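This report refers to the structure that appears directly beneath it.
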Amino acid sequence: MGELTNLIGRDILLSELLAEYNETDLAGCTFRPAFQSARRRAKCGRCGSFTKLADTYPCICGNSCFYCRNCIQLGKVRACDKLVSFKTVDSFPEQSTPYLKWEGILSAQQEKASKEIVLSVREYTDRVVWAVTGAGKTEMLFRGLSEAMEAGKRVCVASPRIDVCLELAPRIQAAFPDIQIALLYGGEGAVYVYTQLVIATTHQLLRFREAFDVLIIDEIDAFPYYQNKGLYYASEKAVKKESSTIYLTATPDRKLQRRIAKNQIKASILPARYHGYPLPVPTIIREKDIFSKKEFSVSKAYKQIMTLISQGQTFLLFIPTIRLMDSILPTFRRLFSSIRFESVHSQDPLRKEKVEAMRNGELEFIITTTILERGVTFKNIDVIVLAADHDVYTEAALVQIAGRAGRSAAYPEGKVTFYLQEWTRSSKGAVRQIRQMNKRAAKKGLLL
Amino acid sequence: MSRCKWCGAIHPNSLTIHALIRFELQSDTLCFQCREKLECLNNQLTCRGCSRNQNKTDYCTDCLSWQKKYEGRLHTHEALYAYNDFASQIIEQFKFTGDCAIAELFAKEIKEYFKKMSQTAVIIPIPVSRESYCSRGFNQTELLLAVAGVTYRPVLENRYQLGRQSGKNRRQRLESPQPFAVEPCHDELIRGKAVVLVDDIYTTGRTIYHALDLILPMSPSNVQSFSLFR
Ligand SMILES: [Zn+2]
Ligand SMILES: [Zn+2]
Ligand SMILES: [Zn+2]
Ligand SMILES: [Zn+2]
């Protein structure tokens, strides 16, 4: 039999629960219809997206029912189903204080942001933490998390990206060794248990309702805006009426930047990297039709690549799509037959091994699609983006890509080059954002 | 602009040569990238017996061994697309996740395929096991036909709860006993008619030949079969 505590703050389909629970066990729960109908459409109670009432198909109930396609990967929400949640006051086993066992040191700007986060948690206010790539975000969260949990609050750290969740979990667990963490990312076979601290993909947030006092969302910019609409719905549903949501980002979209500028949301801005050197500003080189050139070896990009190789400088070479990468690879194999390099894309099963080889100095360069745009760090690396004016590059993506360079204190001056035919909104915005953060950092005296 | 029914990407309405010739501007249900991943079988070299993708049009080894078993009977099976990785993702989402709207992706092609059939042909979908039907709420093959506007006769029943075919290896599939049954009252419907057996995927042919074993004694004028994937 299923435990009722496992339904606290959850938002689960009745059809799904009946495998584990009797209907009488669920007597104390709240039941909501799976959809709310309005005119010709119905809104999914779990993910908030709309379905046409007319899109019905044969259903397990014997009738014809519509269902939600948007969140179907979490299990099919059918019109005839119900969403179940158990509402009660949270209570968690008490631990020895302080909950936080981490004893590292924060930089001045991290210290300030950390205090501001604690304040937001205490006052139930929302906050954006806008920290440049390489500012050291995770450590600034610890005190806020500790404060919340010691006060008996329920906390969730979420990210749109699975790899971010998987990377955060061990670091947070190490800082809070006595706290049980539920790590939810959809790939796990593990059984869900009720815990004070949850680390989850934002997709998994849809399975919660009024659950958290504090919600921290890392890398909110990792998806384009139209997907973010769902993200905001999920986060609003997952938090309690009185709660604090902290958004972490290195590259807020324009809408969020405007809200920050107008003081509509509180913001902690960390314009400097922890090592105190400015962000590398991309050099722009105009180059026409870089992929349709008869001979890549006459391009300016080729010249730069040859120079880097002769200097022994390792680099990442970004290509917009897998298809373009496939088209240029034979040329590269021919031109650089004596050079050790690899290509990496999202469907590459050897991705991790190749990145590791690069880190170990076994490669001169990696050709990659946007898959290496964030999360991955290398010590001493230059960055080249071919066709930086391609549609796939959002402003956030270009800022993140440029942010791969100069991460380490030993090599803070990595070079970034964008090859483009013409300026785009995204490329312009990215360069502006990087310059602006450097200016801010200089003004605050955070640069060496 | 329209939204790809598979990946959700927004894409411009495609103006295909096909559409140009018929002066219609119809948006594709799939975006260009997804459409490209489907391997159309009708412009490739395939087995003349079962549409299997190969480098010649002769009967494949599977077909030859079925012919031996059936004393030289030459069966014809046609399929629209190769059952590649993309197709298996689609089928997974359609059958097991229960995303019924997937049927819309192929409505146009299936409708066109059956247009060339005789009006009197009896179209018979392969049934799914009772437990699959109860847990999914639909038979994927019937749904594909229904959404395409093709009239079908659910003559075959699945009497046995043998678990699903997809959980079996090739050998187990070939050895599985007759799972279907047909009521004698359908004799009239089938006698002297052209029959088309329809399934979502054709793998070893075992399922179709089980159905054949029941339909052939009812004296149809001709039996062939069709699947979305091969
Ligand atoms: Zn939904
Ligand atoms: Zn129903
Ligand atoms: Zn698509
Ligand atoms: Zn064949």
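Naming works like this for the structure tokens: A, B, ... for the chains as they're shown, residue 1 at the start of each chain, ligands 1 onward in shown order.
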
Show me which bits of chain B are within 10 Å of chain A, counting only C-alpha atoms, as a list of chain:residue names.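 Close enough to count are B:Lys5, B:Gly8, B:Gln93, B:Thr97, B:Gly98, B:Asp99, B:Cys100, B:Ala101, B:Ile102, B:Tyr133, B:Cys134, B:Ser135, B:Arg136, B:Gly137, B:Phe138, B:Asn139, B:Leu143, B:Val147.
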
Write out as an MDAnalysis selection string all residues of stretch 117-177 of chain A that DSSP puts in alpha helix (DSSP H) for this structure's backbone. chainID A and resid 117:123 138:150 162:175

Could you report the residues within 12 Å of ligand 1, using only C-alpha atoms and all ligand atoms, as a PDB file with N, CA and C atoms, in the first residue's frame?
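Now in out-v3.pdb:
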ATOM      1  N   ASP A  11       1.008  16.187  -7.295  1.00  0.00           N
ATOM      2  CA  ASP A  11      -0.094  16.416  -8.218  1.00  0.00           C
ATOM      3  C   ASP A  11      -0.097  15.216  -9.170  1.00  0.00           C
ATOM      4  N   ILE A  12      -0.743  14.145  -8.753  1.00  0.00           N
ATOM      5  CA  ILE A  12      -0.605  12.858  -9.429  1.00  0.00           C
ATOM      6  C   ILE A  12      -1.953  12.396  -9.965  1.00  0.00           C
ATOM      7  N   LEU A  13      -1.931  11.713 -11.096  1.00  0.00           N
ATOM      8  CA  LEU A  13      -3.163  11.201 -11.687  1.00  0.00           C
ATOM      9  C   LEU A  13      -3.754  10.080 -10.845  1.00  0.00           C
ATOM     10  N   ALA A  34      -9.067  16.597 -14.184  1.00  0.00           N
ATOM     11  CA  ALA A  34      -7.808  16.693 -14.910  1.00  0.00           C
ATOM     12  C   ALA A  34      -7.746  17.930 -15.806  1.00  0.00           C
ATOM     13  N   PHE A  35      -8.909  18.349 -16.300  1.00  0.00           N
ATOM     14  CA  PHE A  35      -8.950  19.516 -17.188  1.00  0.00           C
ATOM     15  C   PHE A  35      -9.992  20.522 -16.711  1.00  0.00           C
ATOM     16  N   GLN A  36      -9.746  21.784 -17.033  1.00  0.00           N
ATOM     17  CA  GLN A  36     -10.763  22.808 -16.867  1.00  0.00           C
ATOM     18  C   GLN A  36     -11.190  23.248 -18.251  1.00  0.00           C
ATOM     19  N   ALA A  42      -9.734  23.078 -23.442  1.00  0.00           N
ATOM     20  CA  ALA A  42      -9.628  22.712 -22.038  1.00  0.00           C
ATOM     21  C   ALA A  42      -8.181  22.862 -21.613  1.00  0.00           C
ATOM     22  N   LYS A  43      -7.996  23.303 -20.356  1.00  0.00           N
ATOM     23  CA  LYS A  43      -6.654  23.528 -19.851  1.00  0.00           C
ATOM     24  C   LYS A  43      -6.238  22.340 -18.993  1.00  0.00           C
ATOM     25  N   CYS A  44      -5.084  21.797 -19.293  1.00  0.00           N
ATOM     26  CA  CYS A  44      -4.570  20.656 -18.529  1.00  0.00           C
ATOM     27  C   CYS A  44      -4.222  21.106 -17.109  1.00  0.00           C
ATOM     28  N   GLY A  45      -4.747  20.397 -16.126  1.00  0.00           N
ATOM     29  CA  GLY A  45      -4.513  20.762 -14.735  1.00  0.00           C
ATOM     30  C   GLY A  45      -3.083  20.520 -14.298  1.00  0.00           C
ATOM     31  N   ARG A  46      -2.366  19.650 -15.006  1.00  0.00           N
ATOM     32  CA  ARG A  46      -1.007  19.356 -14.608  1.00  0.00           C
ATOM     33  C   ARG A  46      -0.003  20.315 -15.243  1.00  0.00           C
ATOM     34  N   CYS A  47      -0.149  20.602 -16.562  1.00  0.00           N
ATOM     35  CA  CYS A  47       0.879  21.423 -17.208  1.00  0.00           C
ATOM     36  C   CYS A  47       0.369  22.766 -17.714  1.00  0.00           C
ATOM     37  N   GLY A  48      -0.945  22.979 -17.688  1.00  0.00           N
ATOM     38  CA  GLY A  48      -1.478  24.293 -18.043  1.00  0.00           C
ATOM     39  C   GLY A  48      -1.620  24.565 -19.529  1.00  0.00           C
ATOM     40  N   SER A  49      -1.301  23.595 -20.377  1.00  0.00           N
ATOM     41  CA  SER A  49      -1.448  23.866 -21.806  1.00  0.00           C
ATOM     42  C   SER A  49      -2.853  23.480 -22.263  1.00  0.00           C
ATOM     43  N   PHE A  50      -3.245  23.988 -23.430  1.00  0.00           N
ATOM     44  CA  PHE A  50      -4.620  23.827 -23.886  1.00  0.00           C
ATOM     45  C   PHE A  50      -4.768  22.736 -24.940  1.00  0.00           C
ATOM     46  N   THR A  51      -5.908  22.070 -24.915  1.00  0.00           N
ATOM     47  CA  THR A  51      -6.253  21.032 -25.869  1.00  0.00           C
ATOM     48  C   THR A  51      -7.639  21.340 -26.400  1.00  0.00           C
ATOM     49  N   PHE A  66     -10.551  13.565 -24.824  1.00  0.00           N
ATOM     50  CA  PHE A  66      -9.348  14.267 -25.251  1.00  0.00           C
ATOM     51  C   PHE A  66      -8.293  14.061 -24.174  1.00  0.00           C
ATOM     52  N   TYR A  67      -7.046  14.348 -24.515  1.00  0.00           N
ATOM     53  CA  TYR A  67      -5.960  14.190 -23.552  1.00  0.00           C
ATOM     54  C   TYR A  67      -4.915  15.248 -23.820  1.00  0.00           C
ATOM     55  N   CYS A  68      -3.956  15.403 -22.900  1.00  0.00           N
ATOM     56  CA  CYS A  68      -2.932  16.437 -23.071  1.00  0.00           C
ATOM     57  C   CYS A  68      -1.697  15.851 -23.744  1.00  0.00           C
ATOM     58  N   ARG A  69      -1.338  16.404 -24.895  1.00  0.00           N
ATOM     59  CA  ARG A  69      -0.138  15.912 -25.578  1.00  0.00           C
ATOM     60  C   ARG A  69       1.114  16.543 -24.991  1.00  0.00           C
ATOM     61  N   ASN A  70       0.950  17.732 -24.419  1.00  0.00           N
ATOM     62  CA  ASN A  70       2.113  18.499 -23.988  1.00  0.00           C
ATOM     63  C   ASN A  70       2.930  17.815 -22.887  1.00  0.00           C
ATOM     64  N   CYS A  71       2.223  17.206 -21.925  1.00  0.00           N
ATOM     65  CA  CYS A  71       2.966  16.617 -20.790  1.00  0.00           C
ATOM     66  C   CYS A  71       2.858  15.094 -20.802  1.00  0.00           C
ATOM     67  N   ILE A  72       2.593  14.510 -21.956  1.00  0.00           N
ATOM     68  CA  ILE A  72       2.311  13.073 -22.030  1.00  0.00           C
ATOM     69  C   ILE A  72       3.504  12.210 -21.596  1.00  0.00           C
ATOM     70  N   GLN A  73       4.717  12.764 -21.688  1.00  0.00           N
ATOM     71  CA  GLN A  73       5.881  11.978 -21.268  1.00  0.00           C
ATOM     72  C   GLN A  73       5.852  11.647 -19.781  1.00  0.00           C
ATOM     73  N   LEU A  74       5.071  12.417 -19.018  1.00  0.00           N
ATOM     74  CA  LEU A  74       4.943  12.131 -17.579  1.00  0.00           C
ATOM     75  C   LEU A  74       3.776  11.193 -17.308  1.00  0.00           C
ATOM     76  N   GLY A  75       3.160  10.655 -18.336  1.00  0.00           N
ATOM     77  CA  GLY A  75       1.942   9.839 -18.183  1.00  0.00           C
ATOM     78  C   GLY A  75       0.764  10.617 -18.739  1.00  0.00           C
ATOM     79  N   LYS A  76      -0.153   9.898 -19.389  1.00  0.00           N
ATOM     80  CA  LYS A  76      -1.221  10.531 -20.153  1.00  0.00           C
ATOM     81  C   LYS A  76      -2.314  11.119 -19.248  1.00  0.00           C
ATOM     82  N   VAL A  77      -2.527  12.424 -19.364  1.00  0.00           N
ATOM     83  CA  VAL A  77      -3.632  13.063 -18.646  1.00  0.00           C
ATOM     84  C   VAL A  77      -4.865  12.999 -19.529  1.00  0.00           C
ATOM     85  N   ARG A  78      -5.849  12.186 -19.142  1.00  0.00           N
ATOM     86  CA  ARG A  78      -7.068  12.031 -19.931  1.00  0.00           C
ATOM     87  C   ARG A  78      -8.175  12.883 -19.342  1.00  0.00           C
ATOM     88  N   ALA A  79      -9.122  13.276 -20.182  1.00  0.00           N
ATOM     89  CA  ALA A  79     -10.213  14.135 -19.737  1.00  0.00           C
ATOM     90  C   ALA A  79     -11.004  13.506 -18.596  1.00  0.00           C
ATOM     91  N   LEU A  83      -6.790  14.657 -10.768  1.00  0.00           N
ATOM     92  CA  LEU A  83      -5.473  14.896 -10.183  1.00  0.00           C
ATOM     93  C   LEU A  83      -5.604  14.893  -8.664  1.00  0.00           C
ATOM     94  N   HIS A 203      10.688  19.895 -15.573  1.00  0.00           N
ATOM     95  CA  HIS A 203       9.628  19.040 -16.073  1.00  0.00           C
ATOM     96  C   HIS A 203       8.962  18.275 -14.930  1.00  0.00           C
ATOM     97  N   LEU A 206       6.104  19.574 -12.570  1.00  0.00           N
ATOM     98  CA  LEU A 206       4.684  19.452 -12.907  1.00  0.00           C
ATOM     99  C   LEU A 206       3.978  18.430 -12.022  1.00  0.00           C
ATOM    100  N   ARG A 207       4.730  17.542 -11.418  1.00  0.00           N
ATOM    101  CA  ARG A 207       4.127  16.544 -10.534  1.00  0.00           C
ATOM    102  C   ARG A 207       3.950  17.056  -9.108  1.00  0.00           C
ATOM    103  N   GLY A 230       5.940  27.249 -20.222  1.00  0.00           N
ATOM    104  CA  GLY A 230       5.596  26.057 -19.461  1.00  0.00           C
ATOM    105  C   GLY A 230       6.376  25.994 -18.158  1.00  0.00           C
ATOM    106  N   TYR A 233       4.790  28.227 -15.611  1.00  0.00           N
ATOM    107  CA  TYR A 233       3.566  27.614 -15.099  1.00  0.00           C
ATOM    108  C   TYR A 233       3.922  26.552 -14.056  1.00  0.00           C
ATOM    109  N   ALA A 234       4.874  25.710 -14.403  1.00  0.00           N
ATOM    110  CA  ALA A 234       5.267  24.619 -13.507  1.00  0.00           C
ATOM    111  C   ALA A 234       5.784  25.160 -12.180  1.00  0.00           C
TER     112      ALA A 234
END

Compile the contact shell of stretch 175-184 of chain B as a ChimeraX atom specification: residues with an atom at most 10 Å away, counting only C-alpha atoms, same-chain residues fewer than 6 positions apart removed. /B:126-129,154-162,165,168,206-207,209-211,213-215,218

Could you give me, as a PyMOL selection string, the residues within 6 Å of stretch 235-244 of chain A, counting only C-alpha atoms and dropping anything in the same chain fewer than 4 positions from it? chain A and resi 121+124-126+208-214

Please find the residues contacting ligand 4 at a distance of at most 7 Å between atoms, with only C-alpha atoms and all ligand atoms counted, and report them as a ChimeraX atom specification. /B:47-52,59-63

For C-alpha atoms, I'd like the residues from the last selection saved as an mmCIF file, in the first residue's frame.
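See again_26.cif below for the written result:
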data_model
loop_
_atom_site.group_PDB
_atom_site.id
_atom_site.type_symbol
_atom_site.label_atom_id
_atom_site.label_comp_id
_atom_site.auth_asym_id
_atom_site.auth_seq_id
_atom_site.Cartn_x
_atom_site.Cartn_y
_atom_site.Cartn_z
ATOM 1 C CA CYS B 47 11.180 -7.313 -51.650
ATOM 2 C CA ARG B 48 8.217 -7.795 -53.981
ATOM 3 C CA GLY B 49 6.570 -10.013 -51.384
ATOM 4 C CA CYS B 50 6.784 -7.961 -48.203
ATOM 5 C CA SER B 51 8.255 -4.497 -49.013
ATOM 6 C CA ARG B 52 11.384 -5.229 -47.025
ATOM 7 C CA TYR B 59 11.553 -12.378 -52.772
ATOM 8 C CA CYS B 60 13.490 -12.156 -49.534
ATOM 9 C CA THR B 61 14.469 -15.198 -47.469
ATOM 10 C CA ASP B 62 11.498 -14.642 -45.139
ATOM 11 C CA CYS B 63 9.052 -14.630 -48.025
#

Distance query stretch 411-415 of chain A at most 8 Å, only C-alpha atoms, self and fewer than 5 positions along chain excluded, as a PyMOL selection string: chain A and resi 275+277+280-282+379-383+405-406

Would you mind exporting N, CA, C and O atoms of the selected residues as an mmCIF file, in the first residue's frame?
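Wrote it out as result.cif, contents follow:
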data_model
loop_
_atom_site.group_PDB
_atom_site.id
_atom_site.type_symbol
_atom_site.label_atom_id
_atom_site.label_comp_id
_atom_site.auth_asym_id
_atom_site.auth_seq_id
_atom_site.Cartn_x
_atom_site.Cartn_y
_atom_site.Cartn_z
ATOM 1 N N HIS A 275 37.683 34.934 -10.286
ATOM 2 C CA HIS A 275 39.112 35.254 -10.328
ATOM 3 C C HIS A 275 39.399 36.729 -10.612
ATOM 4 O O HIS A 275 40.538 37.157 -10.599
ATOM 5 N N TYR A 277 39.072 38.609 -13.338
ATOM 6 C CA TYR A 277 39.397 39.084 -14.680
ATOM 7 C C TYR A 277 38.106 39.298 -15.461
ATOM 8 O O TYR A 277 37.114 38.603 -15.217
ATOM 9 N N PRO A 280 35.847 37.583 -21.531
ATOM 10 C CA PRO A 280 36.405 37.836 -22.862
ATOM 11 C C PRO A 280 35.319 38.396 -23.789
ATOM 12 O O PRO A 280 34.241 37.813 -23.880
ATOM 13 N N VAL A 281 35.609 39.528 -24.435
ATOM 14 C CA VAL A 281 34.657 40.111 -25.380
ATOM 15 C C VAL A 281 34.932 39.514 -26.760
ATOM 16 O O VAL A 281 36.078 39.506 -27.208
ATOM 17 N N PRO A 282 33.911 38.999 -27.443
ATOM 18 C CA PRO A 282 34.145 38.370 -28.747
ATOM 19 C C PRO A 282 34.715 39.352 -29.773
ATOM 20 O O PRO A 282 34.298 40.504 -29.835
ATOM 21 N N LYS A 379 40.239 24.269 -18.865
ATOM 22 C CA LYS A 379 41.148 25.209 -18.219
ATOM 23 C C LYS A 379 41.604 26.327 -19.130
ATOM 24 O O LYS A 379 41.443 27.492 -18.830
ATOM 25 N N ASN A 380 42.180 25.947 -20.251
ATOM 26 C CA ASN A 380 42.821 26.940 -21.104
ATOM 27 C C ASN A 380 42.322 26.750 -22.523
ATOM 28 O O ASN A 380 42.790 25.873 -23.236
ATOM 29 N N ILE A 381 41.360 27.576 -22.895
ATOM 30 C CA ILE A 381 40.711 27.306 -24.159
ATOM 31 C C ILE A 381 40.342 28.601 -24.884
ATOM 32 O O ILE A 381 40.006 29.584 -24.253
ATOM 33 N N ASP A 382 40.469 28.596 -26.209
ATOM 34 C CA ASP A 382 39.918 29.676 -27.023
ATOM 35 C C ASP A 382 38.625 29.180 -27.646
ATOM 36 O O ASP A 382 38.386 27.968 -27.710
ATOM 37 N N VAL A 383 37.800 30.124 -28.085
ATOM 38 C CA VAL A 383 36.512 29.754 -28.652
ATOM 39 C C VAL A 383 36.326 30.406 -30.018
ATOM 40 O O VAL A 383 36.583 31.599 -30.179
ATOM 41 N N ALA A 405 35.455 30.510 -22.413
ATOM 42 C CA ALA A 405 36.859 30.930 -22.441
ATOM 43 C C ALA A 405 37.251 31.649 -21.151
ATOM 44 O O ALA A 405 36.427 32.301 -20.518
ATOM 45 N N GLY A 406 38.512 31.517 -20.783
ATOM 46 C CA GLY A 406 39.072 32.265 -19.653
ATOM 47 C C GLY A 406 38.498 31.912 -18.305
ATOM 48 O O GLY A 406 38.431 32.740 -17.406
#

For atom CA of A:Thr369 and atom CA of A:Phe296, quote the distance in Å rounded to one decimal.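 Interatomic distance, atom CA of A:Thr369 to atom CA of A:Phe296: 18.4 Å.
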
Give me, as a list in words, all polymer residues having an atom no more than 10 Å from A:Gly136, counting only C-alpha atoms and skipping those fewer than 4 positions away in the same chain.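 Contacts, with the query itself left out: Leu106, Ser107, Gln110, Ala131, Val132, Met140, Leu141, Leu270, Ala272, Arg273 and Tyr274 of chain A.
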
Quick one: write out the picked residues with N, CA, C and O atoms as a compact mmCIF listing (two decimals), in the first residue's frame?
# COMPACT_ATOMS: atom_id res chain seq x y z
N LEU A 106 33.50 32.48 0.62
CA LEU A 106 32.86 33.16 -0.50
C LEU A 106 33.62 34.44 -0.84
O LEU A 106 34.19 35.09 0.05
N SER A 107 33.62 34.82 -2.13
CA SER A 107 34.21 36.11 -2.51
C SER A 107 33.27 37.21 -2.05
O SER A 107 32.13 36.94 -1.64
N GLN A 110 30.02 37.18 -3.92
CA GLN A 110 29.24 35.98 -3.58
C GLN A 110 28.61 36.14 -2.20
O GLN A 110 27.46 35.79 -1.98
N ALA A 131 24.37 36.01 -12.50
CA ALA A 131 25.79 35.82 -12.24
C ALA A 131 26.47 35.40 -13.53
O ALA A 131 26.04 34.45 -14.17
N VAL A 132 27.52 36.09 -13.91
CA VAL A 132 28.20 35.76 -15.16
C VAL A 132 28.75 34.34 -15.10
O VAL A 132 28.97 33.79 -14.02
N MET A 140 26.77 30.08 -3.38
CA MET A 140 26.00 31.19 -2.82
C MET A 140 24.62 30.74 -2.34
O MET A 140 23.95 31.46 -1.63
N LEU A 141 24.20 29.55 -2.78
CA LEU A 141 22.86 29.08 -2.41
C LEU A 141 22.84 28.44 -1.03
O LEU A 141 21.80 28.38 -0.38
N LEU A 270 25.94 39.66 -10.25
CA LEU A 270 27.36 39.34 -10.04
C LEU A 270 28.08 39.46 -11.37
O LEU A 270 28.10 38.52 -12.15
N ALA A 272 31.25 39.92 -12.04
CA ALA A 272 32.66 39.51 -12.16
C ALA A 272 32.81 38.02 -11.94
O ALA A 272 32.07 37.40 -11.20
N ARG A 273 33.83 37.48 -12.59
CA ARG A 273 34.20 36.10 -12.33
C ARG A 273 34.93 36.02 -11.01
O ARG A 273 35.48 37.01 -10.55
N TYR A 274 34.93 34.84 -10.41
CA TYR A 274 35.53 34.73 -9.09
C TYR A 274 37.01 35.10 -9.11
O TYR A 274 37.56 35.56 -8.13

List the spatial neighbours of A:Ile117 as a ChimeraX atom specification - criterion: any atom at most 10 Å away, only C-alpha atoms, same-chain residues fewer than 2 positions off excluded. /A:111-115,119-123,125-129,140-145,147,244-246,267-268

Please produce, as a Markdown table, a per-residue contact table for chain B versus ligand 3 (criterion: any atom at most 10 Å away, only C-alpha atoms and all ligand atoms considered), showing the nearest atom pair and its distance in Å to one decimal, sorted by chain then residue number.
| residue | atom | partner | partner_atom_place_in_ligand_line | distance |
| --- | --- | --- | --- | --- |
| B:Arg3 | CA | ligand 3 | 1 (Zn) | 7.9 |
| B:Cys4 | CA | ligand 3 | 1 (Zn) | 4.6 |
| B:Lys5 | CA | ligand 3 | 1 (Zn) | 6.6 |
| B:Trp6 | CA | ligand 3 | 1 (Zn) | 5.1 |
| B:Cys7 | CA | ligand 3 | 1 (Zn) | 4.1 |
| B:Gly8 | CA | ligand 3 | 1 (Zn) | 6.0 |
| B:Ala9 | CA | ligand 3 | 1 (Zn) | 5.5 |
| B:Ile10 | CA | ligand 3 | 1 (Zn) | 8.0 |
| B:His11 | CA | ligand 3 | 1 (Zn) | 8.2 |
| B:Asp28 | CA | ligand 3 | 1 (Zn) | 10.0 |
| B:Thr29 | CA | ligand 3 | 1 (Zn) | 8.4 |
| B:Leu30 | CA | ligand 3 | 1 (Zn) | 5.1 |
| B:Cys31 | CA | ligand 3 | 1 (Zn) | 4.1 |
| B:Phe32 | CA | ligand 3 | 1 (Zn) | 6.7 |
| B:Gln33 | CA | ligand 3 | 1 (Zn) | 5.9 |
| B:Cys34 | CA | ligand 3 | 1 (Zn) | 4.4 |
| B:Arg35 | CA | ligand 3 | 1 (Zn) | 7.2 |
| B:Glu36 | CA | ligand 3 | 1 (Zn) | 9.4 |
| B:Lys37 | CA | ligand 3 | 1 (Zn) | 9.6 |
